[in-house]
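A.B. asks: Pasting in a structure now, in structure tokens, and then I'll have a few things to ask.
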Amino acid sequence: MINILFCGNDKIFDGILSETLSILMRTTTTQPFCFYVYTMDITRVDPKYTPISDKQIEFLDKLVKKYNKDSKVVKIDVGDIYDKEFAHSPNENAYCSPYTLLRLLADLVPNMPDKLLYLDADLMFNRDITLLYDQDVTNYEYAAARDHYGKYFLDHNYINAGVLLFNMTKCRETGLFKKARDLIRTQKLLFADQDAVYQSTTAKFMLPSRFNDQKFLHDHTVVRHFSKRLFWWPYPHTENIKQWHIEKVHKKFRYHQFDDVLDEFLKYKNIFDHESKEV
């Protein structure tokens, strides 16, 4: 079983759908997948922070079973745990959203697997996921790639937390998650969850950038991360283009490598929207 973790609200459905399709369509393994989705209602912070819906989860579950009948999508409401650990903390209004903190609860959720691949929802797999998932993290808390900008401005080995291959057994032994949660509760951090993980690390395995490429797409790229990036032309500015912004992916990045996946994404997105209107 390949175990994957997503975290977010109902607004990340397009991301999960497109990314999951890229995983399934670029992978040849016969192993089933288990996609865990941590979510919660935290509308007290922002009205749009509503949990991913059962309807969305059911749709995703049916989709992954088309590729392998033993695959599944599991929704886990971690709202109660979040409230106990992070409610009204100095990082609740972090640079992204409170949902970025949910991965730090993984050791408190019962029955999580020993090996767990956390993924942001703005990634696309360009090659087989087993190239990443089969990395040996026996002696490490996790494997991660360097942050494209952080390695220059913060520390050479500063990580990007969008792709984290956790050895949950080791993380429990070292208290990685607990230490990270303590930081979130007590200190205002620039990059919240990412800083907390980095500062709490005892042993990490550094992955080459092709496992979390935040700027370029090469033939050898395994994961392309559609994170916010800096453009110099026609003037210095940042843009936050996601994979489901298909026209911009074509025009700005000139990427067509994901067209087969994005065609499937549009097909299934239309099916979901049509089914939702019928109810």
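We label chains A, B, ... in the order they appear in the structure tokens, count residues from 1 in each chain, and number ligands from 1 in the order shown.
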List every residue of region 112-216 of chain A that DSSP, applied to the backbone, labels as helix (DSSP H, G or I), and write the result as a ChimeraX atom specification.
C.D. replies: /A:130-133,150-153,168-174,176-186,192-200,209-211
A.B. asks: When you look at Phe205 (chain A) with a cut-off of 7 Å (counting only C-alpha atoms), what residues show up, excluding the ones that are within fewer than 5 positions of it in the same chain? I need them as a VMD selection string.
C.D. replies: chain A and resid 137 140 142 to 144
A.B. asks: Would you export the selected residues with N, CA and C atoms as a PDB file, in the first residue's frame, please?
C.D. replies:
ATOM      1  N   VAL A 137      14.008   5.671   4.083  1.00  0.00           N
ATOM      2  CA  VAL A 137      14.066   6.653   5.176  1.00  0.00           C
ATOM      3  C   VAL A 137      14.166   5.953   6.539  1.00  0.00           C
ATOM      4  N   TYR A 140      15.873   7.977   9.151  1.00  0.00           N
ATOM      5  CA  TYR A 140      15.555   9.404   9.121  1.00  0.00           C
ATOM      6  C   TYR A 140      14.108   9.643   9.550  1.00  0.00           C
ATOM      7  N   TYR A 142      12.311  12.012   8.028  1.00  0.00           N
ATOM      8  CA  TYR A 142      11.618  12.265   6.758  1.00  0.00           C
ATOM      9  C   TYR A 142      12.646  12.520   5.668  1.00  0.00           C
ATOM     10  N   ALA A 143      12.160  12.491   4.438  1.00  0.00           N
ATOM     11  CA  ALA A 143      12.942  12.915   3.279  1.00  0.00           C
ATOM     12  C   ALA A 143      12.271  14.133   2.679  1.00  0.00           C
ATOM     13  N   ALA A 144      13.079  15.099   2.255  1.00  0.00           N
ATOM     14  CA  ALA A 144      12.544  16.325   1.666  1.00  0.00           C
ATOM     15  C   ALA A 144      13.603  16.943   0.759  1.00  0.00           C
TER      16      ALA A 144
END
A.B. asks: For region 149-166 of chain A, please output as a list of chain:residue names all residues within 7 Å (counting only C-alpha atoms; exclusion window: fewer than 2 positions along the same chain).
C.D. replies: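 After dropping sequence-adjacent residues, the list is A:Lys115, A:Leu116, A:Leu117, A:Tyr118, A:Leu119, A:Asp120, A:Glu141, A:Tyr142, A:Ala143, A:Ala144, A:Ala145, A:Arg146, A:Asp147, A:Met168, A:Gln194, A:Tyr198, A:Asn212.
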A.B. asks: What are the closest atom pairs, with distances in Å to one decimal, for all residues of region 139-210 of chain A lying within 7 Å of region 89-104 of chain A? Consider only C-alpha atoms, order rows by chain and residue number, and present the result as CSV.
C.D. replies:
residue,atom,partner,partner_atom,distance
A:Phe177,CA,A:Leu104,CA,5.5
A:Arg181,CA,A:Leu104,CA,6.7
A:Ile184,CA,A:Asn91,CA,6.1
A:Arg185,CA,A:Ser89,CA,5.1
A:Gln187,CA,A:Pro90,CA,6.6
A:Lys188,CA,A:Pro90,CA,5.3
A:Leu189,CA,A:Asn91,CA,6.8
A:Phe191,CA,A:Tyr95,CA,6.6
A:Ala192,CA,A:Asn91,CA,6.1
A:Asp193,CA,A:Leu101,CA,5.6
A.B. asks: In Å, with one decimal, what is the gap from CA of Leu176 (chain A) to CA of Thr202 (chain A)?
C.D. replies: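 So the answer is 7.6 Å.
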A.B. asks: I want to know what sits within 12 Å of region 248-250 of chain A, based on only C-alpha atoms, with residues of the same chain fewer than 4 positions away left out; could you give that as JSON, numbers by chain?
C.D. replies: {"A": [124, 217, 224, 226, 239, 240, 241, 242, 243, 244, 254, 255, 256, 257, 258, 259, 262]}
A.B. asks: Write the selection just made, keeping C-alpha atoms, as a PDB file, in the first residue's frame?
C.D. replies:
ATOM      1  CA  MET A 124       1.873  17.268 -10.461  1.00  0.00           C
ATOM      2  CA  LEU A 217      10.230  21.044 -15.323  1.00  0.00           C
ATOM      3  CA  ARG A 224       6.641  19.650 -10.322  1.00  0.00           C
ATOM      4  CA  PHE A 226       3.317  24.796  -8.715  1.00  0.00           C
ATOM      5  CA  GLU A 239       2.745  34.768  -9.632  1.00  0.00           C
ATOM      6  CA  ASN A 240       0.926  31.861  -7.997  1.00  0.00           C
ATOM      7  CA  ILE A 241      -0.034  29.715 -10.989  1.00  0.00           C
ATOM      8  CA  LYS A 242      -1.522  26.337 -10.094  1.00  0.00           C
ATOM      9  CA  GLN A 243      -1.840  23.280 -12.306  1.00  0.00           C
ATOM     10  CA  TRP A 244      -5.602  23.749 -12.699  1.00  0.00           C
ATOM     11  CA  ARG A 254       4.622  26.684 -21.948  1.00  0.00           C
ATOM     12  CA  TYR A 255       4.038  23.279 -20.414  1.00  0.00           C
ATOM     13  CA  HIS A 256       2.162  20.640 -22.372  1.00  0.00           C
ATOM     14  CA  GLN A 257       3.630  17.600 -20.625  1.00  0.00           C
ATOM     15  CA  PHE A 258       0.570  17.373 -18.379  1.00  0.00           C
ATOM     16  CA  ASP A 259      -2.063  17.838 -21.073  1.00  0.00           C
ATOM     17  CA  LEU A 262      -5.368  17.841 -17.362  1.00  0.00           C
TER      18      LEU A 262
END
A.B. asks: Can you tell me how far CA of His220 (chain A) sits from CA of Pro208 (chain A), in Å to one decimal?
C.D. replies: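 Distance reported for this atom pair: 10.7 Å.
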A.B. asks: Excluding same-chain residues fewer than 4 positions from Asp54 (chain A), what lies within 9 Å of it counting only C-alpha atoms, as an NGL selection string?
C.D. replies: :A and (58-59 or 75)
A.B. asks: Take the residues that were just selected and, keeping N, CA and C atoms, output them as a PDB file, in the first residue's frame.
C.D. replies:
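The resulting out-v5.pdb:
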ATOM      1  N   GLU A  58     -16.220  10.970  -1.734  1.00  0.00           N
ATOM      2  CA  GLU A  58     -16.832   9.813  -2.398  1.00  0.00           C
ATOM      3  C   GLU A  58     -16.485   9.789  -3.884  1.00  0.00           C
ATOM      4  N   PHE A  59     -16.468  10.955  -4.501  1.00  0.00           N
ATOM      5  CA  PHE A  59     -16.130  11.032  -5.926  1.00  0.00           C
ATOM      6  C   PHE A  59     -14.680  10.604  -6.148  1.00  0.00           C
ATOM      7  N   LYS A  75     -11.375  10.270   4.463  1.00  0.00           N
ATOM      8  CA  LYS A  75     -11.500  11.599   5.065  1.00  0.00           C
ATOM      9  C   LYS A  75     -11.370  11.485   6.581  1.00  0.00           C
TER      10      LYS A  75
END
A.B. asks: I'd like the neighbourhood of Glu264 (chain A) as a list in words, where a residue qualifies if any of its atoms comes within 12 Å (using only C-alpha atoms), though same-chain residues fewer than 2 positions away should be ignored.
C.D. replies: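 Counting only C-alpha atoms, the residues come to Asp14, Leu17, Ser18, Glu19, Thr20, Leu21, Ser22, Leu24, Met25, Leu63, Trp244, Phe258, Asp259, Asp260, Val261, Leu262, Leu266, Lys267, Tyr268, Lys269, Asn270 and Ile271 of chain A.
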A.B. asks: Write out as a list in words each polymer residue whose atoms come within 10 Å of Tyr49 (chain A), counting only C-alpha atoms; drop sequence neighbours fewer than 4 positions from it.
C.D. replies: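 Within the cut-off, the hits are Gly8, Asn9, Asp10, Lys11, Thr39, Met40, Asp41, Ile42, Thr43, Arg44, Val45, Ser97, Pro98 and Tyr99 of chain A.
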A.B. asks: How far is it from CA of His245 (chain A) to CA of Phe216 (chain A), in Å with one decimal?
C.D. replies: 16.8 Å
A.B. asks: Taking only region 123-163 of chain A into account, list the residues labelled strand (DSSP E or B) by DSSP (computed from the backbone), as a PDB file with N, CA and C atoms, in the first residue's frame.
C.D. replies:
ATOM      1  N   LEU A 123       0.753  20.111  -6.693  1.00  0.00           N
ATOM      2  CA  LEU A 123       1.836  19.350  -7.310  1.00  0.00           C
ATOM      3  C   LEU A 123       1.296  18.547  -8.482  1.00  0.00           C
ATOM      4  N   MET A 124       2.190  18.216  -9.400  1.00  0.00           N
ATOM      5  CA  MET A 124       1.873  17.268 -10.461  1.00  0.00           C
ATOM      6  C   MET A 124       3.031  16.301 -10.604  1.00  0.00           C
ATOM      7  N   PHE A 125       2.700  15.028 -10.724  1.00  0.00           N
ATOM      8  CA  PHE A 125       3.730  14.021 -10.913  1.00  0.00           C
ATOM      9  C   PHE A 125       4.025  13.874 -12.396  1.00  0.00           C
ATOM     10  N   TYR A 142      12.311  12.012   8.028  1.00  0.00           N
ATOM     11  CA  TYR A 142      11.618  12.265   6.758  1.00  0.00           C
ATOM     12  C   TYR A 142      12.646  12.520   5.668  1.00  0.00           C
ATOM     13  N   ALA A 143      12.160  12.491   4.438  1.00  0.00           N
ATOM     14  CA  ALA A 143      12.942  12.915   3.279  1.00  0.00           C
ATOM     15  C   ALA A 143      12.271  14.133   2.679  1.00  0.00           C
ATOM     16  N   ALA A 144      13.079  15.099   2.255  1.00  0.00           N
ATOM     17  CA  ALA A 144      12.544  16.325   1.666  1.00  0.00           C
ATOM     18  C   ALA A 144      13.603  16.943   0.759  1.00  0.00           C
ATOM     19  N   ALA A 145      13.160  17.772  -0.161  1.00  0.00           N
ATOM     20  CA  ALA A 145      14.074  18.509  -1.036  1.00  0.00           C
ATOM     21  C   ALA A 145      14.270  19.922  -0.497  1.00  0.00           C
ATOM     22  N   ARG A 146      15.316  20.556  -0.939  1.00  0.00           N
ATOM     23  CA  ARG A 146      15.578  21.926  -0.525  1.00  0.00           C
ATOM     24  C   ARG A 146      14.522  22.878  -1.078  1.00  0.00           C
ATOM     25  N   ILE A 159      14.405  23.180   4.001  1.00  0.00           N
ATOM     26  CA  ILE A 159      13.543  22.309   3.205  1.00  0.00           C
ATOM     27  C   ILE A 159      12.287  23.022   2.715  1.00  0.00           C
ATOM     28  N   VAL A 163       6.545  18.468  -0.012  1.00  0.00           N
ATOM     29  CA  VAL A 163       6.726  17.030  -0.224  1.00  0.00           C
ATOM     30  C   VAL A 163       7.538  16.508   0.950  1.00  0.00           C
TER      31      VAL A 163
END
